[in-house]
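Dumped start-v3.txt below, it's compact mmCIF, C-alpha atoms:
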# COMPACT_ATOMS: atom_id res chain seq x y z
CA MET E 1 18.80 -14.95 30.92
CA LYS E 2 15.22 -15.15 29.69
CA GLN E 3 14.14 -14.17 33.20
CA LEU E 4 16.24 -11.02 32.91
CA VAL E 5 14.50 -10.08 29.66
CA ILE E 6 11.09 -10.69 31.24
CA LYS E 7 12.07 -8.68 34.29
CA LEU E 8 13.20 -5.76 32.13
CA MET E 9 9.96 -5.84 30.16
CA LEU E 10 7.91 -5.83 33.35
CA LEU E 11 9.88 -2.93 34.75
CA THR E 12 9.51 -0.85 31.60
CA SER E 13 5.90 -1.64 30.78
CA GLY E 14 4.29 -2.31 34.13
CA LEU E 15 5.81 0.29 36.42
CA LEU E 16 5.77 4.06 36.34
CA LEU E 17 8.87 6.02 36.99
CA SER E 18 8.75 6.98 40.64
CA LEU E 19 9.43 10.60 39.94
CA GLN E 20 6.15 11.82 41.37
CA VAL E 21 3.97 13.78 39.01
CA SER E 22 4.44 16.92 41.07
CA ALA E 23 8.20 16.59 41.31
CA THR E 24 10.72 18.62 39.37
CA VAL E 25 12.87 16.74 36.88
CA ASN E 26 16.34 17.65 38.06
CA ILE E 27 18.52 17.80 34.95
CA GLN E 28 22.25 18.01 35.48
CA THR E 29 24.56 18.84 32.60
CA TRP E 30 28.28 18.97 31.86
CA GLU E 31 30.79 18.20 29.10
CA THR E 32 33.05 15.21 28.70
CA THR E 33 36.78 15.69 28.34
CA LYS E 34 36.37 15.48 24.55
CA GLY E 35 33.66 18.13 24.42
CA SER E 36 30.45 16.06 24.30
CA LYS E 37 27.40 17.53 26.01
CA VAL E 38 25.91 15.37 28.77
CA LEU E 39 22.43 15.55 30.30
CA TYR E 40 21.64 13.39 33.31
CA VAL E 41 18.64 12.65 35.52
CA HIS E 42 19.02 10.46 38.59
CA ALA E 43 16.06 8.05 38.77
CA PRO E 44 17.02 5.47 41.43
CA GLU E 45 13.63 3.87 42.00
CA LEU E 46 13.97 1.23 39.29
CA PRO E 47 17.19 -0.79 38.68
CA MET E 48 17.49 0.26 35.06
CA MET E 49 18.98 2.93 32.85
CA ASP E 50 18.25 4.56 29.51
CA VAL E 51 21.22 6.09 27.70
CA GLU E 52 21.33 7.74 24.29
CA VAL E 53 24.18 9.16 22.26
CA LEU E 54 22.76 11.66 19.80
CA PHE E 55 24.44 13.45 16.88
CA ASP E 56 23.60 16.33 14.60
CA ALA E 57 23.65 13.80 11.79
CA GLY E 58 20.13 13.56 10.44
CA SER E 59 19.06 13.66 6.82
CA ALA E 60 19.60 17.43 6.72
CA ARG E 61 23.29 16.47 6.51
CA ASP E 62 22.80 14.15 3.50
CA GLY E 63 23.97 16.69 0.93
CA GLN E 64 23.16 15.17 -2.46
CA LYS E 65 23.47 11.60 -1.10
CA TRP E 66 19.86 11.41 0.03
CA GLY E 67 19.34 8.58 2.48
CA ILE E 68 22.95 8.30 3.67
CA ALA E 69 22.21 9.55 7.20
CA SER E 70 19.42 7.01 7.62
CA LEU E 71 21.52 4.15 6.25
CA THR E 72 24.50 5.08 8.41
CA ALA E 73 22.41 5.07 11.57
CA GLY E 74 20.75 1.82 10.58
CA LEU E 75 24.04 0.01 9.95
CA ILE E 76 25.80 1.07 13.13
CA GLY E 77 25.79 -2.02 15.29
CA THR E 78 26.07 -4.50 12.44
CA ALA E 79 29.86 -4.93 12.54
CA THR E 80 33.03 -3.92 14.36
CA PRO E 81 36.60 -5.23 14.00
CA LYS E 82 35.92 -7.66 16.86
CA HIS E 83 32.27 -8.63 16.37
CA ASN E 84 29.97 -9.50 13.52
CA GLU E 85 26.26 -8.76 13.34
CA ASN E 86 25.14 -12.04 14.92
CA SER E 87 27.51 -11.84 17.87
CA ILE E 88 26.50 -8.24 18.62
CA SER E 89 22.81 -9.12 18.52
CA GLU E 90 23.22 -12.30 20.55
CA THR E 91 25.26 -10.56 23.23
CA PHE E 92 22.66 -7.87 23.80
CA ASN E 93 19.90 -10.48 23.81
CA LYS E 94 21.69 -12.59 26.41
CA LEU E 95 22.16 -9.53 28.59
CA GLY E 96 18.48 -8.67 28.32
CA ALA E 97 19.44 -5.23 27.01
CA GLN E 98 17.64 -3.36 24.25
CA ILE E 99 19.69 -1.35 21.76
CA GLY E 100 18.57 0.53 18.70
CA SER E 101 19.33 3.40 16.39
CA SER E 102 17.27 6.02 14.62
CA ALA E 103 17.62 9.00 12.31
CA GLY E 104 15.34 11.90 11.48
CA ARG E 105 15.86 15.19 9.70
CA ASP E 106 17.82 16.82 12.51
CA THR E 107 19.41 13.98 14.47
CA ALA E 108 20.70 10.43 14.49
CA SER E 109 21.18 8.41 17.66
CA LEU E 110 22.12 5.13 19.29
CA HIS E 111 20.18 4.25 22.44
CA LEU E 112 20.41 1.53 25.07
CA ARG E 113 18.06 0.34 27.80
CA THR E 114 19.54 -2.00 30.36
CA LEU E 115 19.35 -3.18 33.93
CA THR E 116 21.95 -1.60 36.16
CA ARG E 117 23.29 -4.75 37.82
CA PRO E 118 27.06 -4.58 37.20
CA GLU E 119 27.20 -7.99 35.51
CA ILE E 120 24.64 -6.66 32.99
CA LEU E 121 25.50 -2.97 32.79
CA THR E 122 29.26 -3.29 32.32
CA PRO E 123 29.26 -5.56 29.24
CA ALA E 124 26.23 -3.78 27.74
CA LEU E 125 27.97 -0.40 27.91
CA GLY E 126 31.22 -1.90 26.66
CA LEU E 127 29.56 -3.31 23.57
CA MET E 128 27.56 -0.13 22.98
CA SER E 129 30.77 1.90 23.10
CA GLU E 130 32.44 -0.48 20.67
CA THR E 131 29.59 -0.43 18.15
CA LEU E 132 29.41 3.35 18.36
CA SER E 133 33.11 4.17 17.97
CA GLN E 134 34.31 1.25 15.82
CA ALA E 135 31.51 0.81 13.29
CA ILE E 136 32.33 -0.99 10.05
CA PHE E 137 30.07 -0.89 6.99
CA ARG E 138 30.44 -4.25 5.29
CA PRO E 139 29.47 -4.30 1.59
CA SER E 140 27.38 -7.47 2.02
CA ILE E 141 25.30 -5.94 4.82
CA LEU E 142 24.90 -2.67 2.95
CA ALA E 143 23.71 -4.57 -0.13
CA ARG E 144 21.16 -6.44 1.96
CA GLU E 145 19.87 -3.32 3.70
CA LYS E 146 19.74 -1.36 0.44
CA ALA E 147 17.68 -4.15 -1.11
CA ARG E 148 15.23 -4.00 1.79
CA LEU E 149 15.08 -0.23 1.62
CA LEU E 150 14.52 -0.20 -2.12
CA ILE E 151 11.56 -2.55 -1.71
CA GLY E 152 10.14 -0.16 0.87
CA LEU E 153 10.71 2.83 -1.39
CA LYS E 154 8.91 1.10 -4.25
CA GLN E 155 5.97 0.38 -1.95
CA LYS E 156 6.05 3.95 -0.70
CA SER E 157 5.69 5.24 -4.27
CA VAL E 158 2.15 3.84 -4.41
CA GLN E 159 1.09 4.95 -0.93
CA PRO E 160 -0.91 8.17 -1.21
CA GLN E 161 -0.16 9.29 2.36
CA ALA E 162 3.57 9.08 1.63
CA ILE E 163 3.14 10.90 -1.69
CA VAL E 164 1.36 13.75 0.13
CA SER E 165 4.09 13.97 2.75
CA ASP E 166 6.96 13.96 0.25
CA ALA E 167 5.23 16.53 -1.94
CA MET E 168 4.59 18.78 1.05
CA TRP E 169 8.21 18.73 2.24
CA ALA E 170 9.56 19.19 -1.30
CA LYS E 171 7.34 22.13 -2.19
CA LEU E 172 7.51 23.80 1.21
CA TYR E 173 11.30 23.61 1.52
CA GLY E 174 12.51 23.82 -2.10
CA ASP E 175 16.31 23.55 -2.11
CA HIS E 176 16.61 23.46 1.69
CA PRO E 177 18.19 20.34 3.34
CA TYR E 178 14.79 19.46 4.86
CA ALA E 179 13.16 19.11 1.44
CA HIS E 180 14.03 15.51 0.54
CA PRO E 181 12.73 12.30 2.17
CA THR E 182 14.74 11.17 5.20
CA VAL E 183 15.24 7.70 3.69
CA GLY E 184 16.20 9.05 0.29
CA THR E 185 14.86 7.96 -3.08
CA ILE E 186 15.36 4.87 -5.20
CA LYS E 187 17.82 6.71 -7.42
CA THR E 188 19.93 8.16 -4.58
CA VAL E 189 19.95 5.05 -2.38
CA GLN E 190 21.15 2.86 -5.23
CA LYS E 191 24.30 4.98 -5.55
CA ILE E 192 25.39 4.92 -1.89
CA THR E 193 28.64 3.00 -1.30
CA PRO E 194 30.35 1.61 1.83
CA GLN E 195 33.07 4.25 1.49
CA GLN E 196 30.49 7.03 1.43
CA LEU E 197 28.93 5.63 4.62
CA THR E 198 32.36 5.47 6.23
CA ASP E 199 33.11 9.06 5.24
CA PHE E 200 29.77 10.28 6.60
CA TYR E 201 30.32 8.36 9.83
CA HIS E 202 33.81 9.77 10.34
CA GLN E 203 32.58 13.32 9.69
CA TYR E 204 29.50 13.40 11.90
CA TYR E 205 29.88 10.68 14.56
CA VAL E 206 32.46 12.66 16.50
CA ALA E 207 32.74 13.75 20.12
CA ARG E 208 32.15 17.48 19.61
CA ASN E 209 29.00 16.67 17.64
CA ALA E 210 27.73 14.21 20.28
CA GLN E 211 25.23 14.54 23.12
CA VAL E 212 24.86 11.89 25.83
CA THR E 213 21.59 11.53 27.73
CA ILE E 214 21.47 9.32 30.83
CA VAL E 215 18.33 8.62 32.88
CA GLY E 216 18.23 5.91 35.51
CA ALA E 217 19.54 4.29 38.66
CA VAL E 218 23.16 5.43 38.41
CA ASP E 219 24.62 8.20 40.53
CA ARG E 220 26.41 11.28 39.20
CA THR E 221 29.87 9.75 39.56
CA GLU E 222 28.85 6.65 37.61
CA ALA E 223 27.04 8.76 35.00
CA GLU E 224 30.23 10.73 34.40
CA LYS E 225 32.17 7.52 33.88
CA ILE E 226 29.51 6.23 31.45
CA ALA E 227 29.58 9.43 29.39
CA GLU E 228 33.37 9.32 29.22
CA GLN E 229 33.33 5.65 28.23
CA LEU E 230 30.87 6.24 25.40
CA THR E 231 32.72 9.21 23.91
CA ARG E 232 36.43 8.76 24.64
CA ASN E 233 37.08 6.61 21.56
CA LEU E 234 35.21 8.91 19.19
CA PRO E 235 37.31 11.26 17.06
CA SER E 236 37.19 14.81 18.43
CA GLY E 237 35.86 16.29 15.18
CA GLN E 238 33.74 19.42 14.89
CA LYS E 239 30.10 20.41 14.93
CA PRO E 240 28.62 20.89 11.45
CA ALA E 241 27.68 24.33 10.18
CA ALA E 242 24.29 25.73 11.14
CA LEU E 243 21.45 24.93 8.79
CA PRO E 244 20.18 27.74 6.57
CA GLU E 245 16.83 29.31 7.34
CA PRO E 246 14.08 28.08 4.99
CA LYS E 247 12.27 30.64 2.87
CA PRO E 248 8.49 30.96 3.38
CA LEU E 249 6.12 30.77 0.44
CA LYS E 250 5.41 34.15 -1.10
CA GLN E 251 1.93 33.15 -2.24
CA ALA E 252 -0.56 30.32 -1.98
CA GLN E 253 0.34 27.24 -4.00
CA ASN E 254 -1.48 24.07 -5.00
CA VAL E 255 -0.01 20.66 -5.79
CA LEU E 256 -2.31 18.01 -7.29
CA THR E 257 -1.10 14.48 -7.99
CA ARG E 258 -3.59 12.29 -9.82
CA PHE E 259 -3.75 8.88 -8.18
CA ASP E 260 -6.13 5.96 -8.72
CA SER E 261 -7.96 6.03 -5.41
CA SER E 262 -11.50 6.46 -4.11
CA GLN E 263 -10.10 8.89 -1.52
CA THR E 264 -8.29 12.17 -1.81
CA TYR E 265 -5.41 12.59 0.62
CA TYR E 266 -4.87 16.16 1.66
CA ALA E 267 -2.41 18.44 3.43
CA LEU E 268 -2.57 22.16 4.10
CA ALA E 269 0.78 23.52 5.22
CA GLN E 270 3.22 26.37 5.64
CA LEU E 271 6.42 26.96 7.57
CA GLY E 272 5.87 26.95 11.30
CA VAL E 273 8.47 27.65 13.98
CA LYS E 274 11.78 26.32 15.22
CA ARG E 275 12.40 24.85 18.66
CA GLY E 276 12.75 27.56 21.27
CA ASP E 277 10.55 30.11 19.48
CA PRO E 278 8.85 32.18 22.22
CA ASP E 279 5.52 31.97 20.38
CA TYR E 280 5.53 28.16 20.48
CA TYR E 281 3.55 27.88 23.72
CA ALA E 282 0.68 29.98 22.37
CA LEU E 283 0.79 28.18 19.02
CA PHE E 284 0.85 24.77 20.74
CA LEU E 285 -2.12 25.61 22.99
CA GLY E 286 -4.08 27.10 20.11
CA ASN E 287 -3.36 24.08 17.95
CA HIS E 288 -4.91 21.76 20.52
CA LEU E 289 -8.06 23.80 20.20
CA LEU E 290 -7.91 23.87 16.40
CA GLY E 291 -7.01 20.29 15.54
CA GLY E 292 -4.56 18.73 17.95
CA SER E 293 -6.92 17.27 20.53
CA GLY E 294 -8.93 14.69 18.60
CA PHE E 295 -12.68 14.85 19.02
CA GLY E 296 -12.48 17.99 21.13
CA SER E 297 -11.01 20.07 18.32
CA LEU E 298 -12.69 22.62 16.06
CA LEU E 299 -11.60 20.84 12.89
CA MET E 300 -13.15 17.55 14.03
CA GLU E 301 -16.33 19.38 14.95
CA GLU E 302 -16.62 21.24 11.64
CA VAL E 303 -15.28 18.70 9.15
CA ARG E 304 -16.45 15.42 10.67
CA GLU E 305 -19.21 15.93 13.21
CA LYS E 306 -21.22 18.62 11.41
CA ARG E 307 -20.63 17.50 7.81
CA GLY E 308 -19.38 13.90 7.89
CA LEU E 309 -16.64 14.60 5.34
CA VAL E 310 -13.85 12.65 7.05
CA TYR E 311 -13.13 9.97 9.60
CA GLY E 312 -10.39 12.05 11.13
CA VAL E 313 -8.61 15.38 10.72
CA SER E 314 -5.70 16.81 12.67
CA SER E 315 -3.28 19.70 12.78
CA GLY E 316 0.14 20.20 14.29
CA PHE E 317 3.36 22.16 14.53
CA PHE E 318 6.63 20.27 14.09
CA PRO E 319 9.37 22.56 15.43
CA MET E 320 12.91 21.63 14.44
CA LYS E 321 16.44 23.10 14.31
CA VAL E 322 15.03 25.68 11.94
CA ALA E 323 11.36 26.27 11.19
CA GLY E 324 9.50 22.99 10.79
CA PRO E 325 6.10 22.74 9.13
CA PHE E 326 2.63 23.55 10.37
CA GLN E 327 0.27 21.06 8.78
CA ILE E 328 -3.41 20.08 8.65
CA GLY E 329 -4.07 16.61 7.26
CA LEU E 330 -7.07 14.48 6.30
CA SER E 331 -8.47 12.11 3.70
CA THR E 332 -11.95 12.29 2.20
CA LYS E 333 -13.98 10.96 -0.70
CA ASN E 334 -12.95 12.36 -4.07
CA SER E 335 -16.41 13.88 -4.45
CA THR E 336 -16.09 15.87 -1.21
CA ALA E 337 -12.47 16.96 -1.51
CA ALA E 338 -13.33 20.50 -2.61
CA GLU E 339 -15.83 20.93 0.22
CA ALA E 340 -13.42 19.56 2.81
CA ASN E 341 -10.72 21.94 1.56
CA ASN E 342 -13.07 24.91 1.87
CA VAL E 343 -14.26 23.91 5.35
CA VAL E 344 -10.71 23.42 6.63
CA LYS E 345 -9.58 26.81 5.37
CA LYS E 346 -12.67 28.57 6.73
CA THR E 347 -12.29 26.86 10.12
CA LEU E 348 -8.68 27.98 10.29
CA SER E 349 -9.58 31.54 9.27
CA ASP E 350 -12.44 31.73 11.78
CA PHE E 351 -10.27 30.32 14.57
CA MET E 352 -7.67 33.02 13.95
CA LYS E 353 -10.36 35.66 14.53
CA ASP E 354 -12.03 34.28 17.65
CA PHE E 355 -12.92 31.10 19.52
CA SER E 356 -14.81 29.95 22.60
CA ASP E 357 -13.42 30.88 26.01
CA GLN E 358 -15.04 27.76 27.44
CA LYS E 359 -13.29 25.50 24.94
CA LEU E 360 -9.99 27.20 25.64
CA ALA E 361 -10.44 26.62 29.38
CA ALA E 362 -11.24 22.95 28.77
CA ILE E 363 -8.20 22.44 26.53
CA LYS E 364 -5.97 24.13 29.09
CA SER E 365 -7.29 21.92 31.86
CA ASN E 366 -6.73 18.75 29.80
CA LEU E 367 -3.18 19.71 28.85
CA ILE E 368 -2.11 20.71 32.34
CA GLY E 369 -3.85 17.76 34.01
CA GLY E 370 -2.39 15.29 31.53
CA PHE E 371 1.13 16.70 31.52
CA PRO E 372 2.48 14.31 34.21
CA LEU E 373 1.73 11.39 31.87
CA ARG E 374 4.27 12.86 29.45
CA ILE E 375 7.07 12.25 31.96
CA ASP E 376 5.96 9.07 33.73
CA SER E 377 8.71 6.73 32.51
CA ASN E 378 12.46 6.69 32.05
CA SER E 379 12.13 6.53 28.28
CA LYS E 380 9.79 9.54 28.12
CA ILE E 381 12.07 11.54 30.40
CA ALA E 382 15.07 10.59 28.26
CA GLY E 383 13.27 11.68 25.09
CA TYR E 384 12.47 15.09 26.55
CA ILE E 385 15.95 15.50 27.99
CA SER E 386 17.53 14.77 24.60
CA MET E 387 15.24 17.34 22.99
CA ILE E 388 16.06 19.94 25.64
CA GLY E 389 19.78 19.42 25.18
CA PHE E 390 19.89 19.28 21.39
CA TYR E 391 17.71 22.34 20.87
CA ASN E 392 19.31 24.27 23.75
CA LEU E 393 16.05 24.73 25.63
CA PRO E 394 16.09 25.85 29.29
CA LEU E 395 16.87 23.06 31.74
CA ASN E 396 13.63 23.85 33.60
CA TYR E 397 11.60 23.43 30.39
CA LEU E 398 9.53 20.53 31.77
CA GLU E 399 8.81 22.35 35.00
CA GLN E 400 7.86 25.56 33.22
CA PHE E 401 5.79 24.07 30.39
CA PRO E 402 2.48 23.63 32.31
CA LYS E 403 3.01 27.02 33.97
CA LYS E 404 3.46 28.66 30.58
CA ILE E 405 0.32 26.97 29.27
CA GLU E 406 -1.65 28.16 32.31
CA SER E 407 -0.52 31.76 31.79
CA ILE E 408 -1.50 32.05 28.12
CA SER E 409 -4.61 34.06 27.29
CA LYS E 410 -6.88 34.08 24.27
CA ALA E 411 -5.26 37.35 23.19
CA ASP E 412 -1.82 35.69 23.35
CA ILE E 413 -3.01 32.85 21.10
CA LEU E 414 -4.64 35.10 18.54
CA LYS E 415 -1.58 37.35 18.41
CA ALA E 416 0.83 34.45 17.90
CA TRP E 417 -1.30 32.74 15.25
CA ASN E 418 -1.84 35.92 13.27
CA LYS E 419 1.88 36.62 13.47
CA LYS E 420 3.03 33.18 12.31
CA ILE E 421 0.23 31.74 10.14
CA HIS E 422 -0.72 33.33 6.83
CA PRO E 423 -3.97 31.92 5.35
CA ASP E 424 -3.29 33.66 2.04
CA LYS E 425 0.08 31.90 1.59
CA LEU E 426 -0.74 28.26 2.34
CA LEU E 427 0.38 25.21 0.41
CA THR E 428 -2.45 22.83 -0.52
CA VAL E 429 -1.48 19.27 -1.51
CA MET E 430 -3.96 16.72 -2.86
CA VAL E 431 -3.33 13.16 -4.00
CA GLY E 432 -6.21 11.21 -5.53
CA GLN E 433 -8.94 11.97 -8.04
CA PRO E 434 -10.58 14.96 -6.38
CA ASP E 435 -13.63 16.51 -7.98
CA LEU E 436 -12.67 20.17 -7.84
CA LYS E 437 -15.47 21.56 -9.97
As structure tokens, how would this structure be written, given the file I've shared?
Amino acid sequence: MKQLVIKLMLLTSGLLLSLQVSATVNIQTWETTKGSKVLYVHAPELPMMDVEVLFDAGSARDGQKWGIASLTAGLIGTATPKHNENSISETFNKLGAQIGSSAGRDTASLHLRTLTRPEILTPALGLMSETLSQAIFRPSILAREKARLLIGLKQKSVQPQAIVSDAMWAKLYGDHPYAHPTVGTIKTVQKITPQQLTDFYHQYYVARNAQVTIVGAVDRTEAEKIAEQLTRNLPSGQKPAALPEPKPLKQAQNVLTRFDSSQTYYALAQLGVKRGDPDYYALFLGNHLLGGSGFGSLLMEEVREKRGLVYGVSSGFFPMKVAGPFQIGLSTKNSTAAEANNVVKKTLSDFMKDFSDQKLAAIKSNLIGGFPLRIDSNSKIAGYISMIGFYNLPLNYLEQFPKKIESISKADILKAWNKKIHPDKLLTVMVGQPDLK
């Protein structure tokens, strides 16, 4: 069986998906008999398959039990009525299959990568289905995982980067479900019980709230059988209510947390856009010029190369079910924090007025030329397909993306940025001992 594991690793790490870079990713979609959405891409060149079952069950569904979505996702696969944690792990290891779970603010998922030989695929899918639909949350395992998580949360409380991030989300989102940390806090995690996990699981891990993504060397008929197998034992359930729209800041705000450090950790943020916003393409392209392209960006040029204030600085949009944040982040010496803040804000303001046509052309060329690398493996394809399905993006999203980027003009970028970004209403977060005189 070790040879199977090695073979799977070689296939996933050493070979590119044989969907040629110029080819269209043909996404097929349908619903299972219990109402689960399915997205499927036939990729027959390699004898393997990636499958994910995704739920609208991220931390935005925590309510006041912060961290319950993350813990639920993490404990699925640790016990069923038939198997304990060791037997589940050992079975997947013997099959050479890789299984894992994850949870963010919007979603939680269980994903499997396996070879498609029947003697491997059949038992791997059977066990995945069992762990997904018959999860048990044993008190002893919950106690162990809570202990581990609490250690991590204590460590996080003295990590300035984490303090910046938590402060940014809290201040930017207020009482919105996105505001709290995805893993919860020490106080909230300590209170979570096995029954609460079970209740959360039964509410959100249901067929009508599920999406199945399949990419690999299985035909449409087999893919339909796999989707049915993975969802037929889930309760039918219902989709959760739509998330409320977050409220943008009405004026600029500053958050300073004094922290014993030689560096000041910094974020400049405001609400950005949600997935599917028509302005996203222009914002995305403009962001690569501003701070999303490493050493080719304006922020790197102004803050690092011209003034030597930082090692690195970056910016980005994080579109979600509702508006995610736009953020610029860096760290600098305490003595230069005020200067770095001023340079970042001026660079942003100047960019929103005008920028080099030559730099725009270069960024466009890099994005379009590098786009095939974004879809050169089963796992990358599966990630994009899951995103397309969950956020209800057009099925030709991958095909259209480079075309959209090519069509965007400087005027389009400036219009979108001045529509969405408000330099006079930004949130500034600093953690450290900045000299702000």
Closest to Tyr311 in chain E among E:Ala340, E:Leu289, E:Leu39, E:Met48, using only C-alpha atoms?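 Using only C-alpha atoms, Tyr311 in chain E sits closest to E:Ala340.
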Give one line per residue of range 213-282 of chain E that approaches range 121-131 of chain E to at most 8 Å, naming the two atoms of the closest pair and their distance in Å to one decimal, counting all atoms listed in the file; sort by chain then ascending residue number and deliver it as JSON lines.
{"residue": "E:Ile226", "atom": "CA", "partner": "E:Leu125", "partner_atom": "CA", "distance": 7.7}
{"residue": "E:Gln229", "atom": "CA", "partner": "E:Ser129", "partner_atom": "CA", "distance": 6.9}
{"residue": "E:Leu230", "atom": "CA", "partner": "E:Ser129", "partner_atom": "CA", "distance": 4.9}
{"residue": "E:Thr231", "atom": "CA", "partner": "E:Ser129", "partner_atom": "CA", "distance": 7.6}
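The residue set within 9 Å of Thr264 in chain E, counting all atoms listed in the file and dropping same-chain residues fewer than 3 places from it, reads Pro160, Phe259, Ser261, Leu330, Ser331, Thr332, Lys333, Asn334, Ser335, Thr336, Ala337, Met430, Val431, Gly432, Gln433 and Pro434 of chain E.
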Written selection (C-alpha atoms) as a PDB file, in the frame of the given file:
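The resulting part.pdb:
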ATOM      1  CA  PRO E 160      -0.910   8.170  -1.210  1.00  0.00           C
ATOM      2  CA  PHE E 259      -3.750   8.880  -8.180  1.00  0.00           C
ATOM      3  CA  SER E 261      -7.960   6.030  -5.410  1.00  0.00           C
ATOM      4  CA  LEU E 330      -7.070  14.480   6.300  1.00  0.00           C
ATOM      5  CA  SER E 331      -8.470  12.110   3.700  1.00  0.00           C
ATOM      6  CA  THR E 332     -11.950  12.290   2.200  1.00  0.00           C
ATOM      7  CA  LYS E 333     -13.980  10.960  -0.700  1.00  0.00           C
ATOM      8  CA  ASN E 334     -12.950  12.360  -4.070  1.00  0.00           C
ATOM      9  CA  SER E 335     -16.410  13.880  -4.450  1.00  0.00           C
ATOM     10  CA  THR E 336     -16.090  15.870  -1.210  1.00  0.00           C
ATOM     11  CA  ALA E 337     -12.470  16.960  -1.510  1.00  0.00           C
ATOM     12  CA  MET E 430      -3.960  16.720  -2.860  1.00  0.00           C
ATOM     13  CA  VAL E 431      -3.330  13.160  -4.000  1.00  0.00           C
ATOM     14  CA  GLY E 432      -6.210  11.210  -5.530  1.00  0.00           C
ATOM     15  CA  GLN E 433      -8.940  11.970  -8.040  1.00  0.00           C
ATOM     16  CA  PRO E 434     -10.580  14.960  -6.380  1.00  0.00           C
TER      17      PRO E 434
END
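When all atoms listed in the file are used to compute distances to Ala135 in chain E, the closest of the residues E:Thr80, E:Gly184, E:Ser102, E:Ala167 turns out to be E:Thr80.
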Which residues of range 49-116 of chain E come within 10 Å of range 168-180 of chain E, and what is each one's closest atom pair and distance in Å (one decimal), counting all atoms listed in the file, sorted by chain and residue number, as JSON lines?
{"residue": "E:Gly58", "atom": "CA", "partner": "E:Tyr178", "partner_atom": "CA", "distance": 9.7}
{"residue": "E:Ser59", "atom": "CA", "partner": "E:Tyr178", "partner_atom": "CA", "distance": 7.5}
{"residue": "E:Ala60", "atom": "CA", "partner": "E:Pro177", "partner_atom": "CA", "distance": 4.7}
{"residue": "E:Arg61", "atom": "CA", "partner": "E:Pro177", "partner_atom": "CA", "distance": 7.1}
{"residue": "E:Asp62", "atom": "CA", "partner": "E:Pro177", "partner_atom": "CA", "distance": 7.7}
{"residue": "E:Gly63", "atom": "CA", "partner": "E:Pro177", "partner_atom": "CA", "distance": 7.2}
{"residue": "E:Gln64", "atom": "CA", "partner": "E:Pro177", "partner_atom": "CA", "distance": 9.2}
{"residue": "E:Trp66", "atom": "CA", "partner": "E:His180", "partner_atom": "CA", "distance": 7.1}
{"residue": "E:Gly67", "atom": "CA", "partner": "E:His180", "partner_atom": "CA", "distance": 8.9}
{"residue": "E:Arg105", "atom": "CA", "partner": "E:Tyr178", "partner_atom": "CA", "distance": 6.5}
{"residue": "E:Asp106", "atom": "CA", "partner": "E:Tyr178", "partner_atom": "CA", "distance": 8.6}
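Here CA of Lys420 in chain E is placed at a distance of 27.1 Å from CA of Val310 in chain E.
CA of Ile68 in chain E sits 17.5 Å away from CA of Leu243 in chain E.
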Could you tell me how far CA of Ser293 in chain E sits from CA of His422 in chain E, in Å to one decimal place?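 Result for CA of His422 in chain E versus CA of Ser293 in chain E: 22.0 Å, one decimal.
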Residues near Gln195 in chain E, cut-off 12 Å, all atoms listed in the file, skip fewer than 6 positions along chain, as an mmCIF file with C-alpha atoms, in the frame of the given file:
data_model
loop_
_atom_site.group_PDB
_atom_site.id
_atom_site.type_symbol
_atom_site.label_atom_id
_atom_site.label_comp_id
_atom_site.auth_asym_id
_atom_site.auth_seq_id
_atom_site.Cartn_x
_atom_site.Cartn_y
_atom_site.Cartn_z
ATOM 1 C CA ILE E 68 22.950 8.300 3.670
ATOM 2 C CA THR E 72 24.500 5.080 8.410
ATOM 3 C CA ILE E 136 32.330 -0.990 10.050
ATOM 4 C CA PHE E 137 30.070 -0.890 6.990
ATOM 5 C CA ARG E 138 30.440 -4.250 5.290
ATOM 6 C CA PRO E 139 29.470 -4.300 1.590
ATOM 7 C CA LEU E 142 24.900 -2.670 2.950
ATOM 8 C CA TYR E 201 30.320 8.360 9.830
ATOM 9 C CA HIS E 202 33.810 9.770 10.340
#
Considering only C-alpha atoms, can you say which of E:Ile27, E:Thr428, E:Ile368, E:Asp412 comes closest to Leu256 in chain E? E:Thr428
When distances are computed from all atoms listed in the file, which of E:Tyr205, E:Gln28, E:Ile120, E:Pro402 shows the smallest separation from Gly370 in chain E?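 Distance minimum relative to Gly370 in chain E lands on E:Pro402.
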For range 414-419 of chain E, please output as JSON, numbers by chain all residues within 12 Å (counting only C-alpha atoms; exclusion window: fewer than 3 positions along the same chain). {"E": [272, 273, 277, 278, 279, 280, 281, 282, 283, 284, 285, 286, 287, 289, 290, 317, 326, 348, 349, 350, 351, 352, 353, 354, 355, 360, 408, 409, 410, 411, 422, 423, 424]}
Can you work out which one of E:Arg220, E:Phe390, E:Lys346, E:His288 has the shortest atom-to-atom distance to Ala361 in chain E, counting only C-alpha atoms?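 Ranked by minimum distance to Ala361 in chain E, first place goes to E:His288.
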Box centre and edge lengths (Å, one decimal), axis-aligned, range 229-240 of chain E plus 8 Å each side, as JSON:
{"center_x": 33.0, "center_y": 13.3, "center_z": 19.8, "size_x": 24.7, "size_y": 31.2, "size_z": 32.8}
Do a neighbour search on Thr33 in chain E at 10 Å with only C-alpha atoms, toss out local chain neighbours closer than 2 positions, and write the hits as JSON, numbers by chain. {"E": [30, 31, 35, 36, 37, 207, 227, 228, 231, 232, 236]}
Tell me which protein, DNA and RNA residues are within 8 Å of Leu150 in chain E, counting only C-alpha atoms, leaving out same-chain ones fewer than 3 positions away, and put them as a ChimeraX atom specification. /E:146-147,153-154,186,189-190
